[in-house]
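> Hey, dropping start_8.tsv in here, TSV, C-alpha atoms and all ligand atoms:
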```tsv
chain	number	residue	atom	x	y	z
A	934	MET	CA	48.09	16.99	-51.15
A	935	SER	CA	45.71	14.25	-50.02
A	936	GLU	CA	42.07	14.49	-51.07
A	937	LYS	CA	40.94	14.30	-47.51
A	938	PHE	CA	42.06	17.71	-46.41
A	939	SER	CA	41.66	19.60	-49.60
A	940	MET	CA	38.52	21.22	-48.22
A	941	LYS	CA	38.90	23.68	-45.43
A	942	THR	CA	36.31	23.78	-42.67
A	943	PRO	CA	34.94	27.13	-41.51
A	944	LEU	CA	36.87	26.63	-38.26
A	945	MET	CA	40.12	26.22	-40.21
A	946	GLU	CA	39.39	29.40	-42.08
A	947	GLU	CA	38.74	31.18	-38.81
A	948	TYR	CA	42.07	29.89	-37.47
A	949	GLU	CA	44.00	31.05	-40.49
A	950	GLU	CA	42.39	34.46	-40.36
A	951	GLU	CA	42.97	34.86	-36.63
A	952	THR	CA	46.57	33.59	-36.44
A	953	GLY	CA	47.87	34.19	-39.96
A	954	ARG	CA	49.03	30.56	-40.05
A	955	LEU	CA	47.98	27.59	-42.15
A	956	ALA	CA	45.68	24.96	-40.69
A	957	ILE	CA	46.83	22.38	-43.24
A	958	TRP	CA	50.45	21.93	-44.19
A	959	LYS	CA	51.56	19.31	-46.72
A	960	GLY	CA	48.16	17.59	-46.53
A	961	GLN	CA	48.33	17.26	-42.75
A	962	ILE	CA	46.37	19.16	-40.10
A	963	THR	CA	48.90	21.13	-38.09
A	964	LYS	CA	49.40	20.50	-34.40
A	965	ASP	CA	49.11	24.17	-33.72
A	966	PHE	CA	45.64	24.24	-35.28
A	967	GLN	CA	44.57	21.23	-33.20
A	968	LYS	CA	45.68	22.97	-30.01
A	969	TRP	CA	43.86	26.14	-31.02
A	970	LYS	CA	40.75	24.11	-31.83
A	971	LYS	CA	40.67	22.45	-28.41
A	972	LYS	CA	41.03	25.79	-26.68
A	973	LYS	CA	38.28	27.24	-28.81
A	974	GLU	CA	35.91	24.37	-28.03
A	975	LYS	CA	36.53	24.69	-24.32
A	976	GLN	CA	35.75	28.36	-24.52
A	977	GLN	CA	32.54	27.64	-26.41
A	978	ARG	CA	31.41	25.13	-23.82
A	979	LYS	CA	32.00	27.67	-21.10
A	980	GLU	CA	29.93	30.28	-22.90
A	981	LEU	CA	27.11	27.82	-23.48
A	982	LYS	CA	27.03	26.99	-19.79
A	983	LYS	CA	26.89	30.65	-18.91
A	984	GLU	CA	24.05	31.17	-21.36
A	985	LYS	CA	22.08	28.26	-19.93
A	986	LEU	CA	22.55	29.52	-16.41
A	987	LEU	CA	21.29	32.91	-17.45
A	988	GLU	CA	18.33	31.32	-19.21
A	989	SER	CA	17.32	29.31	-16.15
A	990	LYS	CA	17.65	32.44	-14.01
A	991	VAL	CA	15.38	34.34	-16.37
A	992	GLU	CA	12.94	31.42	-16.38
A	993	LYS	CA	12.93	31.29	-12.58
A	994	GLU	CA	12.28	35.01	-12.41
A	995	ARG	CA	9.46	34.65	-14.90
A	996	LYS	CA	7.83	31.85	-12.90
A	997	LYS	CA	8.19	33.80	-9.69
A	998	ARG	CA	6.58	36.82	-11.31
A	999	GLU	CA	3.76	34.69	-12.68
A	1000	ILE	CA	3.10	33.17	-9.27
A	1001	GLU	CA	3.12	36.62	-7.69
A	1002	GLU	CA	0.62	37.78	-10.30
A	1003	ASP	CA	-1.59	34.79	-9.59
A	1004	LYS	CA	-1.42	35.58	-5.89
A	1005	GLU	CA	-2.63	39.04	-6.73
A	1006	VAL	CA	-5.62	37.55	-8.55
A	1007	GLY	CA	-6.19	35.40	-5.46
A	1008	LYS	CA	-7.31	38.34	-3.40
A	1009	ASP	CA	-10.54	38.57	-5.33
A	1010	TYR	CA	-11.56	35.44	-7.14
A	1011	GLU	CA	-14.77	34.55	-8.88
A	1012	HIS	CA	-14.84	30.74	-8.48
A	1013	LEU	CA	-13.47	28.56	-5.72
A	1014	ILE	CA	-11.77	26.34	-8.29
A	1015	VAL	CA	-11.08	26.96	-11.95
A	1016	VAL	CA	-9.53	24.18	-14.03
A	1017	GLU	CA	-8.31	25.27	-17.44
A	1018	ASN	CA	-7.33	22.98	-20.30
A	1019	LEU	CA	-5.79	20.44	-17.95
A	1020	HIS	CA	-3.55	17.74	-19.39
A	1021	LYS	CA	-1.68	14.98	-17.62
A	1022	THR	CA	0.52	12.47	-19.37
A	1023	TYR	CA	2.23	9.68	-17.49
A	1024	LEU	CA	5.31	7.94	-18.78
A	1025	LEU	CA	5.13	4.19	-18.47
A	1026	GLY	CA	8.57	3.09	-19.60
A	1027	THR	CA	8.72	4.64	-23.04
A	1028	THR	CA	4.95	4.77	-23.50
A	1029	ALA	CA	3.11	8.02	-22.85
A	1030	VAL	CA	-0.29	7.53	-21.22
A	1031	ALA	CA	-2.55	10.55	-21.72
A	1032	ALA	CA	-4.65	10.32	-18.55
A	1033	LEU	CA	-6.18	13.81	-18.93
A	1034	ARG	CA	-6.68	15.39	-22.31
A	1035	GLY	CA	-7.96	18.91	-21.84
A	1036	VAL	CA	-10.30	19.24	-18.87
A	1037	ASP	CA	-12.15	22.48	-18.07
A	1038	LEU	CA	-14.21	22.81	-14.91
A	1039	THR	CA	-15.28	25.44	-12.40
A	1040	ILE	CA	-16.42	24.69	-8.88
A	1041	ASP	CA	-18.10	27.15	-6.54
A	1042	LYS	CA	-18.36	27.20	-2.79
A	1043	GLY	CA	-21.20	24.95	-1.66
A	1044	ASP	CA	-21.10	22.68	-4.71
A	1045	PHE	CA	-21.23	18.93	-4.34
A	1046	VAL	CA	-19.66	17.83	-7.59
A	1047	ASP	CA	-19.65	14.21	-8.65
A	1048	ILE	CA	-17.53	13.03	-11.55
A	1049	MET	CA	-18.58	9.65	-12.83
A	1050	GLY	CA	-16.71	7.51	-15.25
A	1051	PRO	CA	-15.42	4.01	-15.93
A	1052	SER	CA	-12.18	2.72	-14.48
A	1053	GLY	CA	-9.16	4.26	-16.16
A	1054	SER	CA	-11.01	7.33	-17.46
A	1055	GLY	CA	-8.78	9.68	-15.45
A	1056	LYS	CA	-10.91	10.44	-12.38
A	1057	THR	CA	-8.23	9.86	-9.77
A	1058	THR	CA	-5.71	11.78	-11.84
A	1059	LEU	CA	-8.02	14.80	-12.00
A	1060	LEU	CA	-8.73	14.64	-8.28
A	1061	ASN	CA	-5.05	14.36	-7.42
A	1062	LEU	CA	-4.26	17.44	-9.48
A	1063	ILE	CA	-7.07	19.47	-7.92
A	1064	GLY	CA	-5.95	18.24	-4.49
A	1065	GLY	CA	-2.36	19.32	-5.13
A	1066	LEU	CA	-1.02	15.76	-4.88
A	1067	ASP	CA	0.52	16.02	-8.33
A	1068	THR	CA	1.21	18.66	-10.98
A	1069	PRO	CA	-0.22	18.80	-14.51
A	1070	THR	CA	1.69	18.38	-17.74
A	1071	ARG	CA	-0.20	21.33	-19.17
A	1072	GLY	CA	-3.01	23.65	-18.12
A	1073	LYS	CA	-3.86	25.56	-14.97
A	1074	ILE	CA	-5.68	25.04	-11.70
A	1075	PHE	CA	-6.75	28.01	-9.62
A	1076	LEU	CA	-7.71	27.37	-6.01
A	1077	GLU	CA	-9.24	30.42	-4.34
A	1078	GLY	CA	-7.80	32.42	-7.19
A	1079	ARG	CA	-4.27	31.14	-6.77
A	1080	ASN	CA	-2.63	29.18	-9.55
A	1081	ILE	CA	-1.48	25.96	-7.89
A	1082	SER	CA	-0.40	24.18	-11.06
A	1083	MET	CA	3.24	25.18	-10.84
A	1084	LEU	CA	3.99	25.50	-7.18
A	1085	SER	CA	6.94	23.76	-5.56
A	1086	ASP	CA	6.43	20.55	-3.58
A	1087	ASN	CA	6.69	22.47	-0.32
A	1088	GLU	CA	4.13	25.06	-1.33
A	1089	LEU	CA	1.77	22.32	-2.48
A	1090	ALA	CA	2.20	20.53	0.84
A	1091	ASP	CA	1.11	23.72	2.62
A	1092	ILE	CA	-1.97	23.99	0.44
A	1093	ARG	CA	-2.88	20.36	0.97
A	1094	ARG	CA	-2.56	20.73	4.71
A	1095	GLU	CA	-4.42	24.01	5.03
A	1096	ARG	CA	-7.00	24.12	2.25
A	1097	ILE	CA	-7.87	20.58	1.22
A	1098	GLY	CA	-9.51	17.63	2.95
A	1099	PHE	CA	-9.01	14.13	1.54
A	1100	VAL	CA	-11.22	11.07	1.75
A	1101	PHE	CA	-10.14	7.89	0.00
A	1102	GLN	CA	-11.75	4.55	-0.75
A	1103	PHE	CA	-9.77	2.72	1.93
A	1104	TYR	CA	-10.08	5.25	4.76
A	1105	ASN	CA	-6.28	5.40	5.34
A	1106	LEU	CA	-6.56	5.69	9.11
A	1107	LEU	CA	-3.56	5.06	11.32
A	1108	PRO	CA	-4.29	1.60	12.81
A	1109	GLN	CA	-2.62	2.03	16.18
A	1110	MET	CA	-4.44	5.28	16.97
A	1111	THR	CA	-7.97	5.81	18.23
A	1112	ALA	CA	-10.62	7.59	16.15
A	1113	LEU	CA	-10.05	10.75	18.17
A	1114	GLU	CA	-6.28	10.63	17.72
A	1115	ASN	CA	-6.69	10.06	13.99
A	1116	VAL	CA	-8.82	13.20	13.70
A	1117	MET	CA	-6.25	15.11	15.76
A	1118	VAL	CA	-3.36	14.28	13.39
A	1119	PRO	CA	-3.94	17.16	10.94
A	1120	LEU	CA	-4.47	19.51	13.88
A	1121	HIS	CA	-0.97	18.69	15.16
A	1122	PHE	CA	0.51	19.61	11.81
A	1123	SER	CA	-1.24	22.94	11.61
A	1124	GLY	CA	-0.16	23.73	15.18
A	1125	LYS	CA	-2.76	26.45	15.73
A	1126	LEU	CA	-4.54	24.99	18.76
A	1127	SER	CA	-3.51	23.98	22.26
A	1128	ARG	CA	-3.60	20.29	23.14
A	1129	ARG	CA	-6.93	20.76	24.87
A	1130	GLY	CA	-8.24	22.81	21.91
A	1131	LYS	CA	-7.26	20.03	19.52
A	1132	ARG	CA	-9.08	17.40	21.57
A	1133	LYS	CA	-12.19	19.52	21.75
A	1134	LYS	CA	-12.19	20.25	18.04
A	1135	ALA	CA	-11.59	16.57	17.16
A	1136	MET	CA	-14.44	15.57	19.48
A	1137	ASP	CA	-16.75	18.15	17.85
A	1138	LEU	CA	-15.89	16.73	14.44
A	1139	LEU	CA	-16.60	13.18	15.57
A	1140	ARG	CA	-19.94	14.39	16.92
A	1141	LEU	CA	-20.65	15.98	13.55
A	1142	VAL	CA	-20.26	12.60	11.87
A	1143	GLY	CA	-22.21	10.86	14.66
A	1144	LEU	CA	-19.26	8.98	16.07
A	1145	ASP	CA	-18.44	10.72	19.34
A	1146	GLU	CA	-19.34	7.62	21.29
A	1147	ARG	CA	-16.72	5.67	19.38
A	1148	ALA	CA	-13.96	8.22	19.89
A	1149	HIS	CA	-11.67	5.90	21.82
A	1150	HIS	CA	-11.90	2.91	19.52
A	1151	THR	CA	-9.14	1.99	17.09
A	1152	PRO	CA	-9.97	1.44	13.40
A	1153	SER	CA	-9.98	-2.36	13.73
A	1154	GLU	CA	-12.78	-2.01	16.30
A	1155	LEU	CA	-14.88	0.05	13.87
A	1156	SER	CA	-16.96	-1.01	10.88
A	1157	GLY	CA	-16.08	0.17	7.37
A	1158	GLY	CA	-18.76	2.84	7.47
A	1159	GLU	CA	-17.56	4.07	10.84
A	1160	GLN	CA	-13.97	4.22	9.64
A	1161	GLN	CA	-15.08	6.28	6.67
A	1162	ARG	CA	-16.88	8.63	9.07
A	1163	VAL	CA	-13.66	9.09	10.99
A	1164	ALA	CA	-11.86	9.80	7.71
A	1165	ILE	CA	-14.49	12.43	6.87
A	1166	ALA	CA	-14.13	14.03	10.30
A	1167	ARG	CA	-10.36	14.07	9.80
A	1168	ALA	CA	-10.74	15.65	6.38
A	1169	PHE	CA	-12.57	18.58	8.01
A	1170	ALA	CA	-10.05	19.10	10.79
A	1171	ASN	CA	-8.40	22.14	9.25
A	1172	ASP	CA	-11.55	23.74	7.84
A	1173	PRO	CA	-10.62	23.02	4.23
A	1174	ALA	CA	-11.88	25.10	1.32
A	1175	ILE	CA	-12.83	21.88	-0.42
A	1176	CYS	CA	-12.98	18.22	0.43
A	1177	VAL	CA	-11.98	15.79	-2.33
A	1178	LEU	CA	-13.29	12.24	-2.21
A	1179	ASP	CA	-11.96	9.38	-4.31
A	1180	GLU	CA	-14.51	6.55	-4.49
A	1181	PRO	CA	-15.79	7.36	-0.98
A	1182	THR	CA	-18.30	4.49	-1.04
A	1183	GLY	CA	-16.16	2.13	-3.09
A	1184	ASP	CA	-15.45	-0.27	-0.25
A	1185	LEU	CA	-18.83	-0.15	1.47
A	1186	ASP	CA	-22.03	-2.13	1.02
A	1187	SER	CA	-24.87	-0.15	-0.52
A	1188	LYS	CA	-26.67	0.56	2.73
A	1189	THR	CA	-23.58	1.88	4.45
A	1190	GLY	CA	-22.61	3.72	1.28
A	1191	VAL	CA	-25.94	5.54	1.30
A	1192	MET	CA	-25.44	6.44	4.96
A	1193	ILE	CA	-22.10	7.98	4.14
A	1194	LEU	CA	-23.67	9.84	1.21
A	1195	ASN	CA	-26.41	11.14	3.47
A	1196	LEU	CA	-23.76	12.42	5.84
A	1197	LEU	CA	-21.95	14.14	2.98
A	1198	ARG	CA	-25.20	15.72	1.86
A	1199	ASP	CA	-25.84	17.02	5.38
A	1200	LEU	CA	-22.35	18.49	5.55
A	1201	ASN	CA	-22.88	19.98	2.09
A	1202	LYS	CA	-26.10	21.61	3.27
A	1203	LYS	CA	-24.12	23.11	6.13
A	1204	GLY	CA	-21.81	24.72	3.57
A	1205	ALA	CA	-19.09	22.14	2.85
A	1206	THR	CA	-17.83	21.93	-0.72
A	1207	PHE	CA	-17.19	18.50	-2.19
A	1208	ILE	CA	-15.73	17.05	-5.31
A	1209	ALA	CA	-16.16	13.32	-5.50
A	1210	VAL	CA	-15.16	10.89	-8.21
A	1211	SER	CA	-16.72	7.47	-8.44
A	1212	HIS	CA	-18.10	4.85	-10.69
A	1213	ASP	CA	-20.90	4.37	-8.19
A	1214	ALA	CA	-24.07	5.94	-9.62
A	1215	ALA	CA	-25.49	6.35	-6.11
A	1216	VAL	CA	-23.05	9.22	-5.45
A	1217	SER	CA	-24.61	11.23	-8.26
A	1218	GLU	CA	-28.00	11.10	-6.56
A	1219	PHE	CA	-26.59	13.06	-3.66
A	1220	ALA	CA	-24.47	15.48	-5.65
A	1221	THR	CA	-25.64	18.89	-6.80
A	1222	ARG	CA	-23.67	18.72	-10.05
A	1223	VAL	CA	-22.75	15.61	-12.02
A	1224	PHE	CA	-20.14	15.32	-14.74
A	1225	HIS	CA	-19.15	12.36	-16.83
A	1226	MET	CA	-15.61	11.47	-17.64
A	1227	ARG	CA	-14.37	9.35	-20.48
A	1228	ASP	CA	-10.90	8.85	-21.96
A	1229	GLY	CA	-9.40	11.74	-20.04
A	1230	LYS	CA	-12.10	14.23	-20.95
A	1231	LEU	CA	-15.12	15.59	-19.15
A	1232	THR	CA	-18.07	15.02	-21.40
A	1233	HIS	CA	-21.02	16.94	-20.10
A	1234	GLU	CA	-22.85	18.00	-17.02
A	1235	GLY	CA	-25.97	15.96	-16.38
A	1236	LYS	CA	-27.06	12.60	-15.23
A	1237	ILE	CA	-27.34	10.82	-18.57
A	1238	SER	CA	-24.25	8.83	-19.37
A	1239	GLY	CA	-22.24	8.33	-22.47
A	1240	LEU	CA	-21.91	10.84	-25.32
A	1241	LYS	CA	-20.17	8.32	-27.50
A	1242	GLU	CA	-22.77	5.68	-26.83
A	1243	THR	CA	-24.08	4.01	-29.94
A	1244	GLU	CA	-27.83	3.90	-30.44
A	1245	ILE	CA	-27.98	0.20	-29.72
A	1246	MET	CA	-25.98	0.57	-26.53
A	1247	GLU	CA	-28.27	3.37	-25.47
A	1248	LEU	CA	-31.40	1.37	-26.19
A	1249	THR	CA	-30.07	-1.63	-24.31
A	1250	ARG	CA	-29.16	0.51	-21.34
A	1251	LYS	CA	-32.53	2.24	-21.30
A	1252	LYS	CA	-34.33	-1.09	-21.53
A	1253	GLU	CA	-32.27	-2.44	-18.67
A	1254	MET	CA	-33.04	0.62	-16.60
A	1255	GLU	CA	-36.77	0.29	-17.27
A	1256	LEU	CA	-36.55	-3.33	-16.23
A	1257	ASN	CA	-34.73	-2.29	-13.07
A	1258	LYS	CA	-37.44	0.24	-12.37
A	1259	GLU	CA	-40.07	-2.51	-12.44
A	1260	LYS	CA	-37.95	-4.70	-10.17
A	1261	CYS	CA	-37.42	-1.74	-7.88
A	1262	LYS	CA	-41.17	-1.15	-7.65
A	1263	THR	CA	-41.76	-4.79	-6.74
A	1264	HIS	CA	-39.25	-4.47	-3.89
A	1265	ILE	CA	-40.88	-1.25	-2.72
A	1266	TYR	CA	-44.34	-2.86	-2.68
A	1267	LYS	CA	-42.98	-5.78	-0.70
A	1268	TYR	CA	-41.38	-3.46	1.84
A	1269	LEU	CA	-44.47	-1.27	2.17
A	1270	PHE	CA	-46.55	-4.37	2.70
A	1271	THR	CA	-44.36	-5.51	5.60
A	1272	SER	CA	-44.48	-2.00	7.09
A	1273	GLN	CA	-48.26	-1.79	7.32
A	1274	GLY	CA	-49.49	0.12	10.32
A	1275	LYS	CA	-46.54	2.49	10.46
A	1276	ASN	CA	-47.13	6.23	10.21
A	1277	GLU	CA	-43.81	7.02	8.71
A	1278	ILE	CA	-41.02	5.11	7.02
A	1279	LYS	CA	-37.48	6.26	6.45
A	1280	ILE	CA	-36.87	6.38	2.71
A	1281	SER	CA	-33.33	5.16	3.30
A	1282	ASP	CA	-34.81	2.03	4.91
A	1283	ILE	CA	-36.84	1.31	1.80
A	1284	ARG	CA	-33.81	1.89	-0.39
A	1285	SER	CA	-31.64	-0.38	1.67
A	1286	HIS	CA	-34.01	-3.29	0.96
A	1287	ILE	CA	-33.45	-3.04	-2.77
A	1288	PRO	CA	-30.45	-4.80	-4.33
A	1289	ARG	CA	-27.56	-2.49	-5.06
A	1290	ASP	CA	-27.31	-3.24	-8.78
A	1291	ILE	CA	-30.94	-2.21	-9.19
A	1292	ILE	CA	-30.59	1.02	-7.23
A	1293	LEU	CA	-27.49	1.96	-9.20
A	1294	ASN	CA	-29.16	1.57	-12.56
A	1295	LEU	CA	-32.50	3.27	-12.37
A	1296	PRO	CA	-33.85	5.49	-15.15
A	1297	GLU	CA	-34.85	8.15	-12.64
A	1298	HIS	CA	-34.40	9.32	-9.11
A	1299	PHE	CA	-35.52	6.83	-6.49
A	1300	ASN	CA	-37.92	9.34	-4.92
A	1301	ASP	CA	-39.62	9.89	-8.28
A	1302	ILE	CA	-40.34	6.17	-8.48
A	1303	LEU	CA	-41.77	6.32	-4.99
A	1304	GLU	CA	-43.97	9.28	-6.06
A	1305	GLU	CA	-45.15	7.28	-9.04
A	1306	ILE	CA	-46.19	4.38	-6.81
A	1307	ILE	CA	-48.11	6.74	-4.55
A	1308	GLU	CA	-49.90	8.31	-7.50
A	1309	ASP	CA	-50.66	5.09	-9.39
A	1310	ASN	CA	-52.19	3.49	-6.32
A	1311	ASN	CA	-53.86	6.57	-4.89
A	1312	LEU	CA	-51.97	5.94	-1.68
A	1313	LYS	CA	-52.55	8.35	1.18
A	1314	ALA	CA	-48.88	9.07	1.52
A	1315	LYS	CA	-46.40	11.80	0.82
A	1316	ILE	CA	-42.67	12.27	0.77
A	1317	GLN	CA	-41.36	14.68	3.33
A	1318	GLY	CA	-37.61	15.10	3.33
A	1319	GLU	CA	-36.12	11.73	4.21
A	1320	LEU	CA	-39.45	10.26	5.25
A	1321	LEU	CA	-42.44	8.66	3.65
A	1322	ILE	CA	-45.42	9.86	5.68
A	1323	LEU	CA	-48.47	7.58	5.65
A	1324	GLN	CA	-51.84	9.00	6.70
B	1401	LIG	N1	1.17	6.90	-11.89
B	1401	LIG	C1	0.77	6.48	-13.09
B	1401	LIG	N2	1.68	6.11	-14.03
B	1401	LIG	C2	1.29	5.72	-15.24
B	1401	LIG	N3	0.01	5.66	-15.65
B	1401	LIG	C3	-0.93	6.01	-14.78
B	1401	LIG	C4	-0.61	6.45	-13.45
B	1401	LIG	N4	-1.76	6.74	-12.80
B	1401	LIG	C5	-2.75	6.51	-13.69
B	1401	LIG	N5	-2.26	6.07	-14.87
B	1401	LIG	C6	-3.04	5.76	-16.08
B	1401	LIG	O1	-3.82	6.90	-16.40
B	1401	LIG	C7	-5.12	6.52	-16.79
B	1401	LIG	C8	-6.15	7.16	-15.85
B	1401	LIG	O2	-6.01	6.59	-14.57
B	1401	LIG	P1	-6.85	7.05	-13.30
B	1401	LIG	O3	-6.78	8.53	-13.18
B	1401	LIG	O4	-6.38	6.27	-12.14
B	1401	LIG	O5	-8.32	6.62	-13.71
B	1401	LIG	P2	-9.62	6.27	-12.82
B	1401	LIG	O6	-9.43	6.85	-11.46
B	1401	LIG	O7	-10.76	6.89	-13.58
B	1401	LIG	O8	-9.72	4.79	-12.80
B	1401	LIG	C9	-5.15	5.00	-16.80
B	1401	LIG	O9	-4.87	4.59	-18.11
B	1401	LIG	C10	-4.03	4.64	-15.86
B	1401	LIG	O10	-3.49	3.39	-16.21
B	1402	MG	MG	-9.50	5.97	-9.55
```
Let's see the structure in the file written out as C-alpha cells.
Ligand SMILES: Nc1ncnc2c1ncn2[C@@H]1O[C@H](COP(=O)(O)OP(=O)(O)O)[C@@H](O)[C@H]1O
Ligand SMILES: [Mg+2]


Amino acid sequence: MSEKFSMKTPLMEEYEEETGRLAIWKGQITKDFQKWKKKKEKQQRKELKKEKLLESKVEKERKKREIEEDKEVGKDYEHLIVVENLHKTYLLGTTAVAALRGVDLTIDKGDFVDIMGPSGSGKTTLLNLIGGLDTPTRGKIFLEGRNISMLSDNELADIRRERIGFVFQFYNLLPQMTALENVMVPLHFSGKLSRRGKRKKAMDLLRLVGLDERAHHTPSELSGGEQQRVAIARAFANDPAICVLDEPTGDLDSKTGVMILNLLRDLNKKGATFIAVSHDAAVSEFATRVFHMRDGKLTHEGKISGLKETEIMELTRKKEMELNKEKCKTHIYKYLFTSQGKNEIKISDIRSHIPRDIILNLPEHFNDILEEIIEDNNLKAKIQGELLILQ
C-alpha cells in the first residue's frame, strides 16, 4: 500500500459507511468513490445555493420591515434631520479613504446650519449623504423621521425631488434655457401643476430672489450672483423640507457672496431651513448654528475654529485676527469719511469696501466692530437692522 493513501479522509469514511464499499483498493482511490464524490459535491453546492437564497430573502424581509418601522416613526418625528454615527469610506483602488468617521448631528426646522472646514475634511460627503445623493457605509440619517440611509436608488430619487433643494458652487443651470425655464424644470418632474401654474410659481420664485426682471435671460446673460439666485429659486421649486448648499459663495466675489448670504438669511427668516458647507467664514456670520469639521468628524458647535490647534497656532491666528480688526477699522473710518452728510448707510456697503481676506478673518462679528467704533468715538450713530443710522 502506498504511503499516500494510507490515511482515509472523513469523506472516504462516509462513502464506505454509506455504500459498504472501499474507497481505497490496493493503494488506489477507486473510480466508484470518485464518482460518488463528484455527485456529493454537486449536491452540496446546490444546498449552499439554496441556503444563500433563503438568507438573502430573510435579509430583504428584514430590511423591508425595518424601513416600514422607520416609516411608522416618520409620522411623528422630533427633529427634521437626525444624523447618527455616520461613516463613509470610499475605495480608491485598493485604498480605503475614510471621508466621514462618526458624525452625529440634529437639524430642526428653521435652522440655518453652516459646517465649516478645510478642503478634504468631508463636508461635501456629509452634504451628499444628507441630500440623498449617496448612501453611508455605516450609520443612519432620518429625514422627517424616515430613515433614508438604506433606501433604494429610486426611493432616494423621489426624496431628492420632493423634499430636498440643492445649491452648488457652480450653479449647474441648463445653459440653453432661460432663468424661468430653469426654475420650471423641477416643477415638470413633480407634475403637480398645470403649465400655467408652473410658470406662475417659477415667476413667484424669481421674484422672491429679486430676479423677476431677468426671467427671460439665459445663464450666459446673467452674472455669477444672478445665476446663483436662479439656482436658489430652482432649489425652492418643490417646497423642500431642507435646502442643502455646497460652497454657495465659493465662486463669487465677496460683495456678491454677501448678497447671496443676505438672500439666504431673508429666506431663512421666512422659514426656510438650510444646511450649508463652506470654507468661507462669511457664511458662518449668516448662519444660526455653526459646526466645524475636521478629518471626517464634526468637532463642536461654535464659531471658534480648531480643537486640535496647538497653542502657538492659536496665538498666531488670534494675533492675525486682531491685526485684521485694526485694518478693518481703518477701512471703516475711510468709508465713513467719504460718506459724510448721509443719514443712513447700508452696512453691506461698508462691508463691501473691506478686502475679503480681512472680512473673513475677524476676531468678532463685523457689526460688533462697528459698535466699537461708534462707542470709542462717541459717534451719534446706531445700528438698525442692515443700516447704520447717523443722527
Ligand atoms: N468619490 C470619491 N472617491 C474617493 N474618495 C473621495 C470621493 N469623494 C471624496 N473623497 C475623499 O474623501 C475625503 C473628503 O472629501 P470631501 O467630502 O469632498 O471633502 P470637502 O468637501 O470637505 O473638501 C477627501 O479625502 C476626498 O479625497
Ligand atoms: Mg467639498

> When you count all atoms listed in the file, which of these residues is closest to A:Leu1066: A:Ile1097, A:Tyr948, A:Pro1051, A:Lys1042?

A:Ile1097

> Using all atoms listed in the file, which of the listed residues (A:Thr1189, A:Thr1027, A:Ser1123, A:Ser1054) sits closest to A:Glu1095?

A:Ser1123

> Atom CA of A:Gly1035 and atom CA of A:Leu1019, how far apart in Å?

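For atom CA of A:Leu1019 relative to atom CA of A:Gly1035, the distance reads 4.7 Å.
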
> For the interface of stretch 1002-1040 of chain A with stretch 1222-1238 of chain A (cut-off 7 Å, counting only C-alpha atoms), please tabulate each contacting residue of stretch 1002-1040 of chain A alongside its nearest pair of atoms and their separation in Å to one decimal, rows sorted by chain and increasing number, as JSON lines.


```
{"residue": "A:Ala1032", "atom": "CA", "partner": "A:Gly1229", "partner_atom": "CA", "distance": 5.2}
{"residue": "A:Leu1033", "atom": "CA", "partner": "A:Gly1229", "partner_atom": "CA", "distance": 4.0}
{"residue": "A:Arg1034", "atom": "CA", "partner": "A:Gly1229", "partner_atom": "CA", "distance": 5.1}
{"residue": "A:Gly1035", "atom": "CA", "partner": "A:Lys1230", "partner_atom": "CA", "distance": 6.3}
{"residue": "A:Val1036", "atom": "CA", "partner": "A:Lys1230", "partner_atom": "CA", "distance": 5.7}
```

> Just want the residues within 10 Å of ligand LIG 1401 (chain B), written as JSON, numbers by chain, counting all atoms listed in the file.

{"A": [1021, 1022, 1023, 1024, 1025, 1026, 1028, 1029, 1030, 1031, 1032, 1033, 1048, 1049, 1050, 1051, 1052, 1053, 1054, 1055, 1056, 1057, 1058, 1059, 1060, 1061, 1062, 1067, 1179, 1180, 1210, 1211, 1212, 1226, 1227, 1228, 1229]}

> Report the distance between atom CA of A:Asn1018 and atom CA of A:Asp1041 in Å, rounded to one decimal place.

18.0 Å

> What lies within 8 Å of A:Glu1017 using only C-alpha atoms, ignoring chain neighbours under 6 positions off, as a VMD selection string?

chain A and resid 1035 to 1038 1072 to 1074

> Calculated over only C-alpha atoms and all ligand atoms, which of the candidates A:Phe1103, A:Phe1169, A:Tyr1268, A:Phe1207 has the smallest distance to ligand MG 1402 (chain B)?

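Looking only at the distances to ligand MG 1402 (chain B), the closest residue turns out to be A:Phe1103.
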
> Go through A:Lys990, A:Pro1181, A:Ser1153, A:His1020 one by one, measure the shortest atom-to-atom distance of each to ligand MG 1402 (chain B) using only C-alpha atoms and all ligand atoms, and give the residue with the smallest value.

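Going through A:Lys990, A:Pro1181, A:Ser1153, A:His1020 one by one, the smallest distance to ligand MG 1402 (chain B) is for A:Pro1181.
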
> Would you please work out which residue, of A:Cys1261, A:Leu1185, A:Leu1178, A:Leu1320, is nearest to ligand MG 1402 (chain B) when using all atoms listed in the file?

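Distance minimum relative to ligand MG 1402 (chain B) lands on A:Leu1178.
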
> Could you please determine the separation between atom CA of A:Val1118 and atom CA of A:Ala1170 in Å, to one decimal place?

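These atoms are spaced 8.6 Å apart.
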
> Show me, as JSON, numbers by chain, the residues that have an atom within 10 Å of A:Leu955 when counting all atoms listed in the file, minus same-chain residues fewer than 5 positions from it.

{"A": [945, 946, 948, 949, 950, 962, 963, 965, 966]}

> Counting all atoms listed in the file, which of A:Leu1256, A:Ile1292, A:Ala1209, A:Ala1214 gets nearest to ligand MG 1402 (chain B)?

A:Ala1209
